[in-house]
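All remarks here apply to the structure that follows.
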Amino acid sequence: MNFTKRIFALFLVVILCVTLVGCNEKTAVTAEQFTEIMESNDFSVVDSTLFAQTVVSSDTVLTALSDEYELDYYKLKNETSAQHLYLLNKEAFTEQMSDTDSTSETNDGNYDYFEGVTDTDFYMTSRIGDTLIYCYTDKEYKDEITTLIKALGYK
């Protein structure tokens, strides 16, 4: 009986560990989901894949356009490529910012998020798995963009 209890306890520990590791994983949206969500929020979505491939190797690049700003979605070849693009975006943003500007960053499992706010601008990039979302615009649209990013599951 003692042996059975130990096996059962070990089984529970394994299940708990697997469950806790899985809690950090976020699910990326597909290009179709991105398009649907953005169009339902009155954005025009265009395929920018051919144009973007001159800069980055990607499977799909979509640009969601409003009158005020754009939000870009990248489906890259693999997670390593997405991590690299995330770091490039973050570096480009921080180079444009001063020490007094505010930044926020989260890195957790398959997920990275960075935002920066200056007196006039708002920068954000977010990665889940092999996808990335990017936006650079006027600070006045920060709350609106944050709402969209949350709806997409990238914040």
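Order determines the names: the first chain of the structure tokens is A, the second B, and so forth; residues in each chain are numbered 1 upward, and ligands are numbered 1 upward as they are shown.
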
Stretch 73-76 of chain A surroundings by only C-alpha atoms, 7 Å radius, close-in-sequence under 5 positions cut, as an mmCIF file with N, CA and C atoms, in the first residue's frame:
data_model
loop_
_atom_site.group_PDB
_atom_site.id
_atom_site.type_symbol
_atom_site.label_atom_id
_atom_site.label_comp_id
_atom_site.auth_asym_id
_atom_site.auth_seq_id
_atom_site.Cartn_x
_atom_site.Cartn_y
_atom_site.Cartn_z
ATOM 1 N N SER A 57 12.582 37.542 -43.700
ATOM 2 C CA SER A 57 12.080 36.296 -44.273
ATOM 3 C C SER A 57 10.860 35.847 -43.472
ATOM 4 N N SER A 58 9.708 35.881 -44.108
ATOM 5 C CA SER A 58 8.468 35.546 -43.405
ATOM 6 C C SER A 58 7.520 34.796 -44.320
ATOM 7 N N ASP A 59 6.607 34.051 -43.695
ATOM 8 C CA ASP A 59 5.572 33.357 -44.455
ATOM 9 C C ASP A 59 4.457 34.310 -44.848
ATOM 10 N N THR A 60 4.056 35.161 -43.888
ATOM 11 C CA THR A 60 2.938 36.077 -44.102
ATOM 12 C C THR A 60 3.194 37.383 -43.368
ATOM 13 N N VAL A 61 2.900 38.492 -44.019
ATOM 14 C CA VAL A 61 2.917 39.800 -43.377
ATOM 15 C C VAL A 61 1.627 40.505 -43.767
ATOM 16 N N LEU A 62 0.869 40.917 -42.755
ATOM 17 C CA LEU A 62 -0.366 41.647 -42.983
ATOM 18 C C LEU A 62 -0.255 43.017 -42.337
ATOM 19 N N THR A 63 -0.807 44.013 -42.992
ATOM 20 C CA THR A 63 -0.834 45.356 -42.437
ATOM 21 C C THR A 63 -2.288 45.773 -42.283
ATOM 22 N N SER A 81 13.278 33.043 -35.613
ATOM 23 C CA SER A 81 13.169 34.233 -36.468
ATOM 24 C C SER A 81 12.285 35.287 -35.815
ATOM 25 N N ALA A 82 11.207 34.861 -35.187
ATOM 26 C CA ALA A 82 10.306 35.795 -34.507
ATOM 27 C C ALA A 82 11.002 36.441 -33.306
ATOM 28 N N ASP A 130 5.905 31.867 -33.294
ATOM 29 C CA ASP A 130 6.534 32.325 -34.532
ATOM 30 C C ASP A 130 5.792 33.495 -35.180
ATOM 31 N N THR A 131 5.001 34.214 -34.379
ATOM 32 C CA THR A 131 4.286 35.384 -34.892
ATOM 33 C C THR A 131 4.707 36.623 -34.113
ATOM 34 N N LEU A 132 4.495 37.775 -34.739
ATOM 35 C CA LEU A 132 4.868 39.038 -34.114
ATOM 36 C C LEU A 132 3.905 40.118 -34.566
ATOM 37 N N ILE A 133 3.591 41.022 -33.649
ATOM 38 C CA ILE A 133 2.775 42.192 -33.961
ATOM 39 C C ILE A 133 3.604 43.426 -33.618
ATOM 40 N N TYR A 134 3.460 44.456 -34.431
ATOM 41 C CA TYR A 134 4.313 45.632 -34.333
ATOM 42 C C TYR A 134 3.481 46.882 -34.604
#

Secondary structure check, strand (DSSP E) residues of stretch 27-115 of chain A, as an MDAnalysis selection string: chainID A and resid 44:47 58:65 70:76 102:108 111:115

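Atom pair atom CA of A:Tyr136 / atom CA of A:Val117 has a distance of 10.0 Å (rounded to one decimal).
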
Spatial neighbours of A:Glu105, 8 Å, only C-alpha atoms, chain gap at least 2 places, as a count of residues only: 6

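Distance check against A:Ile145 using only C-alpha atoms: of A:Tyr86, A:Phe34, A:Phe122, A:Tyr111, the minimum falls on A:Phe122.
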
A:Glu79, A:Glu39, A:Asp47, A:Glu68 ranked by distance to A:Asn110, top pick (using only C-alpha atoms):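 Smallest distance to A:Asn110 is found for A:Glu79.
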
Among the residues A:Leu50, A:Val45, A:Ile149, A:Leu71, the one that comes closest to A:Cys135 [using only C-alpha atoms]: A:Leu71

Counting only C-alpha atoms, what is within 12 Å of A:Ser40, bar same-chain residues fewer than 2 positions away, as a CSV table (one decimal) with C-alpha atoms, in the first residue's frame?
chain,number,residue,atom,x,y,z
A,33,GLN,CA,-8.0,35.5,-37.2
A,34,PHE,CA,-5.9,38.7,-37.3
A,35,THR,CA,-7.7,39.8,-40.4
A,36,GLU,CA,-11.1,39.0,-39.0
A,37,ILE,CA,-10.5,40.9,-35.7
A,38,MET,CA,-9.0,43.9,-37.4
A,42,ASP,CA,-12.9,49.0,-39.0
A,43,PHE,CA,-9.4,48.4,-40.3
A,44,SER,CA,-8.5,47.6,-43.9
A,45,VAL,CA,-6.1,44.6,-44.0
A,64,ALA,CA,-4.0,46.6,-40.8
A,66,SER,CA,-6.9,52.8,-40.1
A,148,LEU,CA,-6.7,45.9,-29.9
A,151,ALA,CA,-8.3,41.5,-28.1
A,152,LEU,CA,-5.7,39.7,-30.3

Picked from stretch 74-155 of chain A by DSSP as alpha helix (DSSP H), as a PyMOL selection string: chain A and resi 79-95+142-152

Can those selected residues be exported to a file as an mmCIF file, in the first residue's frame so that it contains C-alpha atoms?
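The resulting part22.cif:
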data_model
loop_
_atom_site.group_PDB
_atom_site.id
_atom_site.type_symbol
_atom_site.label_atom_id
_atom_site.label_comp_id
_atom_site.auth_asym_id
_atom_site.auth_seq_id
_atom_site.Cartn_x
_atom_site.Cartn_y
_atom_site.Cartn_z
ATOM 1 C CA GLU A 79 10.165 30.913 -33.439
ATOM 2 C CA THR A 80 13.857 31.830 -33.595
ATOM 3 C CA SER A 81 13.169 34.233 -36.468
ATOM 4 C CA ALA A 82 10.306 35.795 -34.507
ATOM 5 C CA GLN A 83 12.512 36.224 -31.428
ATOM 6 C CA HIS A 84 15.168 37.878 -33.591
ATOM 7 C CA LEU A 85 12.676 40.297 -35.153
ATOM 8 C CA TYR A 86 11.252 41.091 -31.697
ATOM 9 C CA LEU A 87 14.742 41.980 -30.437
ATOM 10 C CA LEU A 88 15.459 44.095 -33.541
ATOM 11 C CA ASN A 89 12.214 46.029 -33.058
ATOM 12 C CA LYS A 90 12.889 46.523 -29.353
ATOM 13 C CA GLU A 91 16.421 47.754 -30.085
ATOM 14 C CA ALA A 92 15.178 50.176 -32.761
ATOM 15 C CA PHE A 93 12.566 51.549 -30.364
ATOM 16 C CA THR A 94 14.953 51.995 -27.442
ATOM 17 C CA GLU A 95 17.460 53.789 -29.668
ATOM 18 C CA LYS A 142 -1.851 54.116 -27.023
ATOM 19 C CA ASP A 143 -5.063 53.104 -25.225
ATOM 20 C CA GLU A 144 -6.816 52.178 -28.465
ATOM 21 C CA ILE A 145 -3.872 50.067 -29.608
ATOM 22 C CA THR A 146 -3.563 48.407 -26.206
ATOM 23 C CA THR A 147 -7.232 47.392 -26.409
ATOM 24 C CA LEU A 148 -6.660 45.859 -29.856
ATOM 25 C CA ILE A 149 -3.514 44.041 -28.718
ATOM 26 C CA LYS A 150 -5.429 42.559 -25.776
ATOM 27 C CA ALA A 151 -8.264 41.472 -28.115
ATOM 28 C CA LEU A 152 -5.674 39.695 -30.264
#

Atomic separation - atom CA of A:Asp108 relative to atom CA of A:Lys139, Å: 26.0 Å

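Of note, atom CA of A:Ser48 and atom CA of A:Asp72 are spaced 8.9 Å apart.
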
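Compared by their closest atoms to A:Ser98, and using only C-alpha atoms, the residues A:Asp67, A:Asp138, A:Glu32, A:Asp119 rank with A:Asp119 nearest.
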